[in-house]
Amino acid sequence: MGWEENVRKVTPYVPGEQPGDKKVIKLNTNECPYPPAPGIRKLAESFDYNRLRLYPDTEAKKLSDALCAYYHIRQEQLFIGIGSDDVLAMAFLTFFHSGKPILFPDITYSFYDVWADLFRIPYRQNKLDEKFCIVKEDYMAENGGIVIPNPNAPTGVLERVDVIEEIVAANPDSVVIIDEAYVDFGGESCLRLIGQYENLLVVQTFSKSRAMAGLRIGFAMGSPKLIHYLKDAKFSFNSYTMNMLSVELGAEAVRDVAYFKDTVKKIVDTRERVKKELLGMGFVFPDSRGNFIFAAHPDVPAKRLFEELKGRGIYVRYWEKPRIDNYLRITIGTDEEMDILISNLRSIMENKPE
Ligand SMILES: *Cc1c(COP(=O)(O)O)cnc(C)c1O
């Protein structure tokens with residue numbers, strides 16, 4: 001049975017659990033606790049199911065028009081994919097083809113090394129400093145590409161745009177991907193740099209701030225040349241980018257600016273309140289600009305908190321990995337959910353039964 005030797009073997013990304021039990025308080029995958037914009041429901045309900053016979057628009061025009069209008073960019077600067085995971089994977093495949101190692105932080109989104117392994121791209125993980133910040137000089141070495149999430153996941157740490165700009169400017173021979181999955185929660189986007197730097201790709205998603213993880217919409221913005229190469233690779237896989245419903249409903253999500261801003265504000269307000277509560281309980285954490293907090297307690301092991309919370313129906317994220325194995329990544333839910341989390345953390349730490 002020699003065929004198995006010829007198989008492309010990969011170690012897949014392990015996402016946070018999606019428990020079937022609805023009663024669980026789910027603070028483990030950075031989803032939005034609020035529903036998507038109200039107009040989306042109307043559109044979904046009035047959608048003519050007969051249209052599903054047909055292939056969707058390859059250009060996802062309605063969605064790309066809405067995005068171009070919102071971000072003040074041109075169609076040739078925009079690429080749309082099935083969640084930003086799809087966009088990022090396609091960008092790795094397209095742009096990281098030199099044979100030289102690509103660079104990304106040692107503590108970061110745990111999909112990057114998975115794609116690198118899948119596509120046989122060599123990589124080097126640069127160590128974040130003790131405050132979980134990027135050491136920009138590490139990204140000035142010879143490389144085959146760079147990917148940095150900003151704000152970073154799972155730390156929530158935001159790097160300044162001028163730091164990113166220095167990295168982009170210092171690497172004219174590589175594509176630099178900035179993964180802005182969390183930028184809407186208080187980060188400054190690098191989008192304004194795409195006109196100036198042909199090698200910069202900014203990637204965003206509808207899964208967090210736009211409350212649509214289930215529809216799978218992500219997009220990238222960059223120079224027309226980058227986008228052109230990305231589309232060539234994408235259309236060599238599958239030329240029907242987005243399904244019809246995602247195009248319609250995604251466009252509506254972008255159009256309802258007021259609802260979007262209101263949702264983001266609610267989450268940010270809750271995040272800032274929860275930071276104070278956690279500080280009062282002795283937790284330490286980097287200042288998060290995402291919809292989550294990456295917190296450790298000096299006296300109580302994160303693993304124990306994680307397991308006990310889970311036993312009480314509260315799911316947070318925990319990684320048994322070097323440097324971060326005493327941290328919990330806690331997604332910001334509704335105020336009510338966060339109050340339940342806090343009171344359970346208190347009772348676990350006081351060793352009380354639930
Ligand atoms: C959630 C996340 C993504 C992927 O989101 P999609 O649901 O695939 O759009 C990408 N990068 C980071 C850093 C994330 O946290």
# chains A, B, ... in the order shown; residues from 1 in each chain; ligands from 1
call {"tool": "closest_atom_pairs", "arguments": {"of": "chain A", "to": "ligand 1", "cutoff": "6 Å", "atoms": "only C-alpha atoms and all ligand atoms", "output": "tab-separated table"}}
result
residue	atom	partner	partner_atom_place_in_ligand_line	distance
A:Gly83	CA	ligand 1	9 (O)	3.5
A:Ser84	CA	ligand 1	9 (O)	3.6
A:Asp85	CA	ligand 1	8 (O)	3.7
A:Tyr109	CA	ligand 1	13 (C)	5.0
A:Pro149	CA	ligand 1	13 (C)	5.6
A:Ala153	CA	ligand 1	13 (C)	5.2
A:Asp179	CA	ligand 1	11 (N)	5.8
A:Ala181	CA	ligand 1	12 (C)	5.0
A:Thr205	CA	ligand 1	9 (O)	4.4
A:Ser207	CA	ligand 1	7 (O)	4.7
A:Ala213	CA	ligand 1	7 (O)	5.3
A:Arg216	CA	ligand 1	7 (O)	5.9
A:Ile217	CA	ligand 1	9 (O)	5.9
A:Gly218	CA	ligand 1	9 (O)	4.9
call {"tool": "residues_around", "arguments": {"residues": "A:Arg41", "least_positions_apart": "6", "cutoff": "10 Å", "atoms": "only C-alpha atoms", "output": "short mmCIF file (atom, residue, chain, number, x, y, z; two decimals) with all heavy atoms, in the first residue's frame"}}
result
data_model
loop_
_atom_site.label_atom_id
_atom_site.label_comp_id
_atom_site.auth_asym_id
_atom_site.auth_seq_id
_atom_site.Cartn_x
_atom_site.Cartn_y
_atom_site.Cartn_z
N PRO A 35 -27.00 40.28 16.89
CA PRO A 35 -27.39 39.80 15.56
C PRO A 35 -26.88 40.73 14.46
O PRO A 35 -26.54 41.88 14.74
CB PRO A 35 -28.92 39.81 15.61
CG PRO A 35 -29.28 40.76 16.69
CD PRO A 35 -28.16 40.76 17.68
N PHE A 47 -35.78 36.71 -0.27
CA PHE A 47 -34.91 36.17 -1.32
C PHE A 47 -35.67 35.15 -2.19
O PHE A 47 -36.34 34.26 -1.66
CB PHE A 47 -33.69 35.50 -0.68
CG PHE A 47 -32.70 34.99 -1.68
CD1 PHE A 47 -31.78 35.84 -2.27
CD2 PHE A 47 -32.69 33.65 -2.07
CE1 PHE A 47 -30.87 35.39 -3.21
CE2 PHE A 47 -31.79 33.17 -3.02
CZ PHE A 47 -30.88 34.05 -3.59
N LEU A 249 -26.71 39.63 1.29
CA LEU A 249 -26.79 39.97 2.71
C LEU A 249 -25.54 40.72 3.16
O LEU A 249 -25.62 41.64 3.98
CB LEU A 249 -26.98 38.70 3.56
CG LEU A 249 -28.15 37.78 3.14
CD1 LEU A 249 -28.36 36.70 4.19
CD2 LEU A 249 -29.45 38.54 2.92
N GLU A 252 -25.84 44.37 2.27
CA GLU A 252 -26.72 45.09 3.21
C GLU A 252 -25.98 45.40 4.51
O GLU A 252 -26.14 46.48 5.08
CB GLU A 252 -27.99 44.26 3.47
CG GLU A 252 -28.95 44.86 4.48
CD GLU A 252 -29.47 46.25 4.10
OE1 GLU A 252 -29.44 46.60 2.90
OE2 GLU A 252 -29.89 47.00 5.01
#
call {"tool": "closest_atom_pairs", "arguments": {"of": "stretch 70-93 of chain A", "to": "stretch 140-145 of chain A", "cutoff": "12 Å", "atoms": "only C-alpha atoms", "output": "Markdown table"}}
result
| residue | atom | partner | partner_atom | distance |
| --- | --- | --- | --- | --- |
| A:Ala91 | CA | A:Gly145 | CA | 10.4 |
| A:Phe92 | CA | A:Gly145 | CA | 8.8 |
| A:Leu93 | CA | A:Gly145 | CA | 11.2 |
call {"tool": "atom_distance", "arguments": {"atom1": "atom CA of A:Val14", "atom2": "atom CA of A:Asn28"}}
result
12.3 Å
call {"tool": "residues_around", "arguments": {"residues": "stretch 62-70 of chain A", "least_positions_apart": "6", "cutoff": "7 Å", "atoms": "only C-alpha atoms", "output": "list in words"}}
result
Val247, Glu248, Gly250, Ala251, Val254 and Arg255 of chain A
call {"tool": "write_last_selection", "arguments": {"atoms": "N, CA, C and O atoms", "output": "short mmCIF file (atom, residue, chain, number, x, y, z; two decimals), in the first residue's frame"}}
result
data_model
loop_
_atom_site.label_atom_id
_atom_site.label_comp_id
_atom_site.auth_asym_id
_atom_site.auth_seq_id
_atom_site.Cartn_x
_atom_site.Cartn_y
_atom_site.Cartn_z
N VAL A 247 -23.62 37.42 -1.04
CA VAL A 247 -23.47 38.67 -1.79
C VAL A 247 -24.55 39.67 -1.38
O VAL A 247 -24.28 40.82 -1.03
N GLU A 248 -25.80 39.20 -1.38
CA GLU A 248 -26.94 40.09 -1.05
C GLU A 248 -26.86 40.58 0.40
O GLU A 248 -27.00 41.76 0.69
N GLY A 250 -24.40 40.36 2.60
CA GLY A 250 -23.16 41.07 2.93
C GLY A 250 -23.23 42.52 2.51
O GLY A 250 -22.81 43.42 3.23
N ALA A 251 -23.80 42.77 1.32
CA ALA A 251 -23.92 44.15 0.83
C ALA A 251 -24.77 44.97 1.79
O ALA A 251 -24.45 46.11 2.13
N VAL A 254 -22.92 46.07 4.88
CA VAL A 254 -22.01 47.21 4.66
C VAL A 254 -22.80 48.51 4.56
O VAL A 254 -22.37 49.56 5.05
N ARG A 255 -24.00 48.44 3.96
CA ARG A 255 -24.80 49.65 3.77
C ARG A 255 -25.32 50.21 5.10
O ARG A 255 -25.44 51.41 5.25
#
call {"tool": "residues_around", "arguments": {"residues": "stretch 120-127 of chain A", "least_positions_apart": "5", "cutoff": "12 Å", "atoms": "only C-alpha atoms", "output": "compact mmCIF listing (two decimals) with all heavy atoms, in the first residue's frame"}}
result
# COMPACT_ATOMS: atom_id res chain seq x y z
N ARG A 8 -0.45 14.31 0.46
CA ARG A 8 -0.04 15.57 1.07
C ARG A 8 -0.57 15.58 2.49
O ARG A 8 -1.79 15.66 2.71
CB ARG A 8 -0.62 16.75 0.29
CG ARG A 8 -0.22 18.11 0.85
CD ARG A 8 -0.97 19.24 0.18
NE ARG A 8 -0.55 19.42 -1.21
CZ ARG A 8 0.45 20.24 -1.59
NH1 ARG A 8 1.11 20.93 -0.69
NH2 ARG A 8 0.76 20.35 -2.85
N LYS A 9 0.31 15.44 3.44
CA LYS A 9 -0.14 15.33 4.83
C LYS A 9 -0.05 16.69 5.52
O LYS A 9 0.94 17.38 5.39
CB LYS A 9 0.69 14.30 5.57
CG LYS A 9 0.48 12.90 4.99
CD LYS A 9 1.32 11.85 5.67
CE LYS A 9 1.26 10.56 4.89
NZ LYS A 9 2.12 10.57 3.68
N VAL A 10 -1.11 17.05 6.20
CA VAL A 10 -1.13 18.35 6.88
C VAL A 10 -1.68 18.19 8.29
O VAL A 10 -2.47 17.29 8.56
CB VAL A 10 -1.99 19.38 6.11
CG1 VAL A 10 -1.30 19.81 4.85
CG2 VAL A 10 -3.37 18.84 5.79
N ALA A 89 -5.39 32.35 2.87
CA ALA A 89 -4.79 31.14 2.30
C ALA A 89 -4.42 31.39 0.84
O ALA A 89 -3.33 31.02 0.38
CB ALA A 89 -5.77 29.97 2.41
N PHE A 92 -1.36 33.56 0.71
CA PHE A 92 -0.13 32.78 0.99
C PHE A 92 0.29 32.05 -0.28
O PHE A 92 1.45 32.08 -0.67
CB PHE A 92 -0.40 31.75 2.10
CG PHE A 92 -0.16 32.23 3.51
CD1 PHE A 92 -0.72 33.41 3.97
CD2 PHE A 92 0.61 31.47 4.39
CE1 PHE A 92 -0.51 33.83 5.28
CE2 PHE A 92 0.82 31.89 5.69
CZ PHE A 92 0.26 33.07 6.15
N LEU A 93 -0.67 31.39 -0.89
CA LEU A 93 -0.38 30.58 -2.09
C LEU A 93 0.18 31.46 -3.21
O LEU A 93 1.11 31.09 -3.92
CB LEU A 93 -1.66 29.89 -2.55
CG LEU A 93 -1.55 28.99 -3.77
CD1 LEU A 93 -0.78 27.72 -3.42
CD2 LEU A 93 -2.94 28.62 -4.29
N THR A 94 -0.40 32.63 -3.37
CA THR A 94 -0.05 33.51 -4.48
C THR A 94 1.26 34.27 -4.26
O THR A 94 2.10 34.35 -5.15
CB THR A 94 -1.17 34.56 -4.71
OG1 THR A 94 -2.42 33.88 -4.76
CG2 THR A 94 -0.95 35.34 -5.98
N PHE A 95 1.42 34.81 -3.07
CA PHE A 95 2.51 35.78 -2.87
C PHE A 95 3.76 35.21 -2.19
O PHE A 95 4.81 35.82 -2.24
CB PHE A 95 2.00 36.98 -2.07
CG PHE A 95 0.87 37.69 -2.76
CD1 PHE A 95 -0.35 37.88 -2.11
CD2 PHE A 95 1.00 38.15 -4.06
CE1 PHE A 95 -1.40 38.53 -2.75
CE2 PHE A 95 -0.04 38.80 -4.70
CZ PHE A 95 -1.24 38.99 -4.04
N PHE A 96 3.61 34.07 -1.52
CA PHE A 96 4.76 33.53 -0.78
C PHE A 96 5.34 32.36 -1.55
O PHE A 96 5.22 31.20 -1.17
CB PHE A 96 4.32 33.13 0.63
CG PHE A 96 3.80 34.27 1.47
CD1 PHE A 96 3.01 34.04 2.60
CD2 PHE A 96 4.11 35.60 1.15
CE1 PHE A 96 2.54 35.09 3.38
CE2 PHE A 96 3.63 36.66 1.92
CZ PHE A 96 2.85 36.40 3.05
N HIS A 97 6.00 32.71 -2.66
CA HIS A 97 6.41 31.69 -3.60
C HIS A 97 7.91 31.73 -3.87
O HIS A 97 8.40 31.15 -4.83
CB HIS A 97 5.62 31.91 -4.91
CG HIS A 97 5.76 30.83 -5.90
ND1 HIS A 97 5.53 29.50 -5.61
CD2 HIS A 97 6.14 30.86 -7.21
CE1 HIS A 97 5.76 28.78 -6.69
NE2 HIS A 97 6.13 29.58 -7.67
N SER A 98 8.67 32.43 -3.02
CA SER A 98 10.09 32.67 -3.34
C SER A 98 11.01 31.55 -2.89
O SER A 98 12.15 31.46 -3.34
CB SER A 98 10.54 33.96 -2.66
OG SER A 98 10.58 33.75 -1.25
N GLY A 99 10.54 30.70 -1.96
CA GLY A 99 11.43 29.70 -1.37
C GLY A 99 12.15 30.24 -0.14
O GLY A 99 12.74 29.47 0.62
N LYS A 100 12.12 31.54 0.06
CA LYS A 100 12.71 32.12 1.28
C LYS A 100 11.69 32.08 2.40
O LYS A 100 10.48 32.11 2.15
CB LYS A 100 13.09 33.59 1.04
CG LYS A 100 14.26 33.78 0.10
CD LYS A 100 14.55 35.28 -0.03
CE LYS A 100 15.03 35.60 -1.42
NZ LYS A 100 14.84 37.01 -1.75
N PRO A 101 12.16 32.05 3.66
CA PRO A 101 11.20 31.97 4.76
C PRO A 101 10.33 33.22 4.88
O PRO A 101 10.82 34.34 4.74
CB PRO A 101 12.08 31.82 6.01
CG PRO A 101 13.45 32.18 5.60
CD PRO A 101 13.55 32.01 4.12
N ILE A 102 9.05 33.00 5.12
CA ILE A 102 8.17 34.13 5.43
C ILE A 102 8.25 34.37 6.94
O ILE A 102 8.65 33.49 7.71
CB ILE A 102 6.72 33.88 4.97
CG1 ILE A 102 6.09 32.68 5.71
CG2 ILE A 102 6.68 33.67 3.48
CD1 ILE A 102 4.58 32.61 5.59
N LEU A 103 7.87 35.58 7.34
CA LEU A 103 8.00 35.98 8.74
C LEU A 103 6.64 36.30 9.35
O LEU A 103 5.82 36.97 8.72
CB LEU A 103 8.89 37.23 8.85
CG LEU A 103 10.26 37.19 8.16
CD1 LEU A 103 10.95 38.55 8.31
CD2 LEU A 103 11.12 36.08 8.75
N PHE A 104 6.44 35.83 10.57
CA PHE A 104 5.28 36.26 11.36
C PHE A 104 5.60 36.07 12.83
O PHE A 104 6.58 35.38 13.18
CB PHE A 104 3.98 35.56 10.92
CG PHE A 104 4.02 34.06 10.81
CD1 PHE A 104 3.75 33.25 11.90
CD2 PHE A 104 4.30 33.45 9.60
CE1 PHE A 104 3.76 31.87 11.78
CE2 PHE A 104 4.31 32.06 9.47
CZ PHE A 104 4.05 31.27 10.57
N PRO A 105 4.82 36.69 13.73
CA PRO A 105 5.15 36.62 15.16
C PRO A 105 5.03 35.20 15.73
O PRO A 105 4.30 34.37 15.17
CB PRO A 105 4.11 37.54 15.82
CG PRO A 105 3.54 38.37 14.73
CD PRO A 105 3.65 37.55 13.48
N ASP A 106 5.74 34.97 16.83
CA ASP A 106 5.67 33.63 17.45
C ASP A 106 4.32 33.41 18.13
O ASP A 106 3.82 32.28 18.18
CB ASP A 106 6.83 33.39 18.43
CG ASP A 106 6.81 34.31 19.65
OD1 ASP A 106 6.27 35.43 19.56
OD2 ASP A 106 7.34 33.91 20.71
N ILE A 107 3.74 34.49 18.64
CA ILE A 107 2.41 34.37 19.23
C ILE A 107 1.47 35.09 18.28
O ILE A 107 1.52 36.31 18.14
CB ILE A 107 2.36 35.03 20.63
CG1 ILE A 107 3.38 34.36 21.55
CG2 ILE A 107 0.96 34.95 21.22
CD1 ILE A 107 3.62 35.12 22.84
N THR A 108 0.62 34.33 17.62
CA THR A 108 -0.22 34.95 16.59
C THR A 108 -1.35 34.01 16.20
O THR A 108 -1.55 32.95 16.81
CB THR A 108 0.63 35.35 15.37
OG1 THR A 108 -0.12 36.25 14.57
CG2 THR A 108 1.04 34.16 14.52
N TYR A 109 -2.08 34.38 15.17
CA TYR A 109 -3.18 33.57 14.67
C TYR A 109 -2.63 32.20 14.27
O TYR A 109 -1.71 32.11 13.45
CB TYR A 109 -3.79 34.28 13.46
CG TYR A 109 -5.06 33.67 12.92
CD1 TYR A 109 -6.02 33.16 13.77
CD2 TYR A 109 -5.30 33.64 11.56
CE1 TYR A 109 -7.20 32.62 13.26
CE2 TYR A 109 -6.47 33.12 11.04
CZ TYR A 109 -7.41 32.61 11.91
OH TYR A 109 -8.57 32.08 11.40
N SER A 110 -3.20 31.15 14.83
CA SER A 110 -2.57 29.84 14.65
C SER A 110 -2.88 29.16 13.32
O SER A 110 -2.58 27.99 13.13
CB SER A 110 -2.90 28.92 15.83
OG SER A 110 -4.24 29.04 16.22
N TYR A 112 -1.56 30.62 10.49
CA TYR A 112 -0.47 30.97 9.57
C TYR A 112 0.51 29.81 9.34
O TYR A 112 0.89 29.52 8.21
CB TYR A 112 0.30 32.20 10.07
CG TYR A 112 -0.53 33.45 10.23
CD1 TYR A 112 -0.18 34.43 11.16
CD2 TYR A 112 -1.65 33.68 9.43
CE1 TYR A 112 -0.92 35.59 11.31
CE2 TYR A 112 -2.40 34.84 9.58
CZ TYR A 112 -2.04 35.78 10.52
OH TYR A 112 -2.77 36.93 10.67
N ASP A 113 0.90 29.15 10.44
CA ASP A 113 1.86 28.05 10.23
C ASP A 113 1.18 26.87 9.54
O ASP A 113 1.84 26.11 8.82
CB ASP A 113 2.54 27.64 11.55
CG ASP A 113 1.57 27.30 12.65
OD1 ASP A 113 0.37 27.61 12.52
OD2 ASP A 113 1.99 26.70 13.66
N VAL A 114 -0.13 26.75 9.71
CA VAL A 114 -0.85 25.66 9.04
C VAL A 114 -0.83 25.86 7.52
O VAL A 114 -0.53 24.95 6.75
CB VAL A 114 -2.31 25.58 9.55
CG1 VAL A 114 -3.12 24.59 8.72
CG2 VAL A 114 -2.34 25.19 11.03
N TRP A 115 -1.13 27.10 7.08
CA TRP A 115 -1.08 27.36 5.63
C TRP A 115 0.35 27.23 5.10
O TRP A 115 0.56 26.70 4.00
CB TRP A 115 -1.60 28.78 5.31
CG TRP A 115 -3.06 28.92 5.47
CD1 TRP A 115 -4.02 28.04 5.04
CD2 TRP A 115 -3.76 29.99 6.12
NE1 TRP A 115 -5.27 28.52 5.37
CE2 TRP A 115 -5.14 29.70 6.04
CE3 TRP A 115 -3.35 31.16 6.75
CZ2 TRP A 115 -6.11 30.54 6.57
CZ3 TRP A 115 -4.31 32.00 7.27
CH2 TRP A 115 -5.68 31.70 7.19
N PHE A 132 4.42 41.63 24.44
CA PHE A 132 3.72 41.07 23.27
C PHE A 132 3.69 42.04 22.10
O PHE A 132 2.75 42.04 21.30
CB PHE A 132 2.28 40.65 23.62
CG PHE A 132 2.19 39.47 24.56
CD1 PHE A 132 1.13 39.37 25.48
CD2 PHE A 132 3.11 38.44 24.53
CE1 PHE A 132 1.02 38.28 26.34
CE2 PHE A 132 3.01 37.34 25.38
CZ PHE A 132 1.97 37.27 26.28
N CYS A 133 4.71 42.92 22.02
CA CYS A 133 4.79 43.83 20.88
C CYS A 133 5.78 43.28 19.86
O CYS A 133 6.71 42.56 20.18
CB CYS A 133 5.26 45.21 21.32
SG CYS A 133 4.02 46.09 22.26
N ILE A 134 5.57 43.72 18.62
CA ILE A 134 6.48 43.34 17.54
C ILE A 134 7.81 44.08 17.68
O ILE A 134 7.83 45.24 18.07
CB ILE A 134 5.80 43.72 16.21
CG1 ILE A 134 4.83 42.61 15.81
CG2 ILE A 134 6.80 44.00 15.11
CD1 ILE A 134 3.96 43.00 14.67
N VAL A 135 8.90 43.38 17.39
CA VAL A 135 10.20 44.05 17.31
C VAL A 135 10.44 44.31 15.82
O VAL A 135 10.70 43.40 15.05
CB VAL A 135 11.32 43.13 17.89
CG1 VAL A 135 12.67 43.84 17.83
CG2 VAL A 135 10.96 42.71 19.31
N LYS A 136 10.27 45.55 15.42
CA LYS A 136 10.18 45.81 13.97
C LYS A 136 11.45 45.44 13.22
O LYS A 136 11.40 45.02 12.07
CB LYS A 136 9.75 47.26 13.70
CG LYS A 136 10.81 48.28 13.96
CD LYS A 136 10.34 49.67 13.60
CE LYS A 136 11.45 50.64 13.96
NZ LYS A 136 11.00 51.93 14.41
N GLU A 137 12.60 45.56 13.89
CA GLU A 137 13.87 45.20 13.23
C GLU A 137 13.85 43.74 12.76
O GLU A 137 14.52 43.39 11.78
CB GLU A 137 15.06 45.43 14.17
CG GLU A 137 15.37 46.90 14.45
CD GLU A 137 14.37 47.57 15.39
OE1 GLU A 137 13.66 46.85 16.14
OE2 GLU A 137 14.28 48.82 15.36
N ASP A 138 13.12 42.89 13.48
CA ASP A 138 13.05 41.47 13.10
C ASP A 138 12.45 41.27 11.71
O ASP A 138 12.60 40.22 11.10
CB ASP A 138 12.17 40.69 14.09
CG ASP A 138 12.79 40.57 15.46
OD1 ASP A 138 14.00 40.88 15.60
OD2 ASP A 138 12.08 40.17 16.40
N TYR A 139 11.73 42.29 11.25
CA TYR A 139 11.05 42.18 9.96
C TYR A 139 11.82 42.91 8.85
O TYR A 139 11.31 43.13 7.77
CB TYR A 139 9.61 42.71 10.07
CG TYR A 139 8.80 41.83 11.01
CD1 TYR A 139 8.83 42.04 12.39
CD2 TYR A 139 8.08 40.74 10.52
CE1 TYR A 139 8.15 41.21 13.26
CE2 TYR A 139 7.40 39.91 11.39
CZ TYR A 139 7.44 40.14 12.75
OH TYR A 139 6.77 39.31 13.61
N MET A 140 13.05 43.29 9.19
CA MET A 140 13.89 43.97 8.20
C MET A 140 14.91 42.99 7.62
O MET A 140 15.73 43.36 6.80
CB MET A 140 14.63 45.16 8.85
CG MET A 140 13.73 46.07 9.69
SD MET A 140 12.88 47.29 8.70
CE MET A 140 11.87 48.14 9.90
N ALA A 141 14.88 41.74 8.09
CA ALA A 141 15.80 40.73 7.56
C ALA A 141 15.27 40.19 6.24
O ALA A 141 14.10 40.38 5.90
CB ALA A 141 15.93 39.60 8.58
N GLU A 142 16.15 39.52 5.49
CA GLU A 142 15.72 38.95 4.22
C GLU A 142 14.57 37.97 4.44
O GLU A 142 14.58 37.20 5.41
CB GLU A 142 16.89 38.23 3.55
CG GLU A 142 16.58 38.00 2.09
CD GLU A 142 17.65 37.19 1.36
OE1 GLU A 142 18.41 36.45 2.01
OE2 GLU A 142 17.69 37.30 0.12
N ASN A 143 13.57 38.01 3.58
CA ASN A 143 12.39 37.15 3.78
C ASN A 143 11.64 36.94 2.48
O ASN A 143 11.85 37.65 1.51
CB ASN A 143 11.47 37.79 4.83
CG ASN A 143 10.89 39.10 4.35
OD1 ASN A 143 9.99 39.11 3.51
ND2 ASN A 143 11.42 40.22 4.84
N GLY A 144 10.73 35.97 2.52
CA GLY A 144 9.92 35.68 1.34
C GLY A 144 8.51 36.22 1.47
O GLY A 144 7.63 35.91 0.65
N GLY A 145 8.28 37.05 2.49
CA GLY A 145 6.96 37.62 2.71
C GLY A 145 6.74 37.81 4.20
O GLY A 145 7.48 37.26 5.02
N ILE A 146 5.74 38.62 4.53
CA ILE A 146 5.47 38.94 5.93
C ILE A 146 3.97 38.92 6.16
O ILE A 146 3.21 39.40 5.30
CB ILE A 146 6.05 40.33 6.29
CG1 ILE A 146 7.59 40.29 6.24
CG2 ILE A 146 5.56 40.83 7.65
CD1 ILE A 146 8.26 41.64 6.35
N VAL A 147 3.55 38.35 7.29
CA VAL A 147 2.14 38.46 7.65
C VAL A 147 2.05 38.84 9.13
O VAL A 147 2.68 38.23 9.98
CB VAL A 147 1.34 37.19 7.31
CG1 VAL A 147 1.93 35.93 7.91
CG2 VAL A 147 -0.14 37.32 7.73
N ILE A 148 1.30 39.91 9.38
CA ILE A 148 1.15 40.43 10.74
C ILE A 148 -0.33 40.74 10.97
O ILE A 148 -0.93 41.48 10.19
CB ILE A 148 1.98 41.73 10.94
CG1 ILE A 148 3.48 41.43 10.77
CG2 ILE A 148 1.70 42.36 12.30
CD1 ILE A 148 4.35 42.68 10.78
N PRO A 322 3.80 27.17 24.61
CA PRO A 322 4.80 27.94 25.33
C PRO A 322 4.47 29.43 25.33
O PRO A 322 3.95 29.95 24.34
CB PRO A 322 6.10 27.68 24.55
CG PRO A 322 5.83 26.59 23.58
CD PRO A 322 4.36 26.33 23.54
N ARG A 323 4.77 30.09 26.42
CA ARG A 323 4.60 31.54 26.62
C ARG A 323 3.16 31.97 26.83
O ARG A 323 2.93 33.06 27.35
CB ARG A 323 5.19 32.36 25.45
CG ARG A 323 6.70 32.29 25.36
CD ARG A 323 7.21 33.19 24.25
NE ARG A 323 7.36 34.57 24.71
CZ ARG A 323 7.43 35.62 23.92
NH1 ARG A 323 7.33 35.48 22.61
NH2 ARG A 323 7.58 36.83 24.40
call {"tool": "residues_around", "arguments": {"residues": "A:Lys231", "least_positions_apart": "3", "cutoff": "12 Å", "atoms": "only C-alpha atoms", "output": "ChimeraX atom specification"}}
result
/A:58-59,76-81,87,90-91,93-95,219-220,224-228,234-241
call {"tool": "write_last_selection", "arguments": {"atoms": "C-alpha atoms", "output": "mmCIF file, in the first residue's frame"}}
result
data_model
loop_
_atom_site.group_PDB
_atom_site.id
_atom_site.type_symbol
_atom_site.label_atom_id
_atom_site.label_comp_id
_atom_site.auth_asym_id
_atom_site.auth_seq_id
_atom_site.Cartn_x
_atom_site.Cartn_y
_atom_site.Cartn_z
ATOM 1 C CA THR A 58 -18.467 35.751 -10.328
ATOM 2 C CA GLU A 59 -17.625 39.350 -9.482
ATOM 3 C CA GLU A 76 -9.482 46.710 -8.989
ATOM 4 C CA GLN A 77 -8.210 47.257 -5.442
ATOM 5 C CA LEU A 78 -10.635 44.755 -3.913
ATOM 6 C CA PHE A 79 -10.650 40.966 -3.651
ATOM 7 C CA ILE A 80 -13.490 39.049 -2.011
ATOM 8 C CA GLY A 81 -13.239 35.558 -0.573
ATOM 9 C CA VAL A 87 -8.476 35.205 1.380
ATOM 10 C CA MET A 90 -5.060 32.342 -1.301
ATOM 11 C CA ALA A 91 -2.670 35.199 -0.547
ATOM 12 C CA LEU A 93 -0.376 30.583 -2.086
ATOM 13 C CA THR A 94 -0.050 33.511 -4.485
ATOM 14 C CA PHE A 95 2.514 35.776 -2.871
ATOM 15 C CA PHE A 219 -11.890 40.616 1.629
ATOM 16 C CA ALA A 220 -8.516 42.068 0.793
ATOM 17 C CA PRO A 224 -4.440 46.567 -8.596
ATOM 18 C CA LYS A 225 -1.403 44.408 -9.385
ATOM 19 C CA LEU A 226 -1.650 42.413 -6.154
ATOM 20 C CA ILE A 227 -5.389 41.996 -6.566
ATOM 21 C CA HIS A 228 -4.951 40.858 -10.131
ATOM 22 C CA LYS A 234 -8.444 32.213 -6.935
ATOM 23 C CA PHE A 235 -10.154 31.705 -10.272
ATOM 24 C CA SER A 236 -7.834 28.808 -10.950
ATOM 25 C CA PHE A 237 -9.425 27.073 -7.985
ATOM 26 C CA ASN A 238 -13.025 28.148 -8.189
ATOM 27 C CA SER A 239 -14.369 31.062 -10.151
ATOM 28 C CA TYR A 240 -17.617 31.455 -8.204
ATOM 29 C CA THR A 241 -16.312 33.360 -5.241
#
call {"tool": "residues_around", "arguments": {"residues": "A:Lys310", "least_positions_apart": "6", "cutoff": "10 Å", "atoms": "only C-alpha atoms", "output": "number ranges by chain"}}
result
A: 24-26, 304, 316-317
call {"tool": "write_last_selection", "arguments": {"atoms": "N, CA and C atoms", "output": "compact mmCIF listing (two decimals), in the first residue's frame"}}
result
# COMPACT_ATOMS: atom_id res chain seq x y z
N VAL A 24 -25.00 27.21 26.40
CA VAL A 24 -23.62 27.57 26.71
C VAL A 24 -23.39 29.07 26.49
N ILE A 25 -22.57 29.67 27.34
CA ILE A 25 -22.13 31.05 27.09
C ILE A 25 -20.84 30.96 26.30
N LYS A 26 -20.91 31.42 25.05
CA LYS A 26 -19.84 31.12 24.12
C LYS A 26 -18.91 32.32 23.95
N ARG A 304 -6.80 25.72 34.85
CA ARG A 304 -7.84 25.40 35.82
C ARG A 304 -9.08 26.27 35.61
N VAL A 316 -14.36 29.60 27.05
CA VAL A 316 -13.37 30.59 26.62
C VAL A 316 -12.27 29.80 25.88
N ARG A 317 -11.25 30.52 25.38
CA ARG A 317 -10.22 29.79 24.62
C ARG A 317 -8.94 29.69 25.44
call {"tool": "residues_around", "arguments": {"residues": "A:Asp269", "least_positions_apart": "5", "cutoff": "12 Å", "atoms": "only C-alpha atoms", "output": "NGL selection string"}}
result
:A and (185-186 or 262-264 or 274-276 or 289-291 or 332-335 or 338)
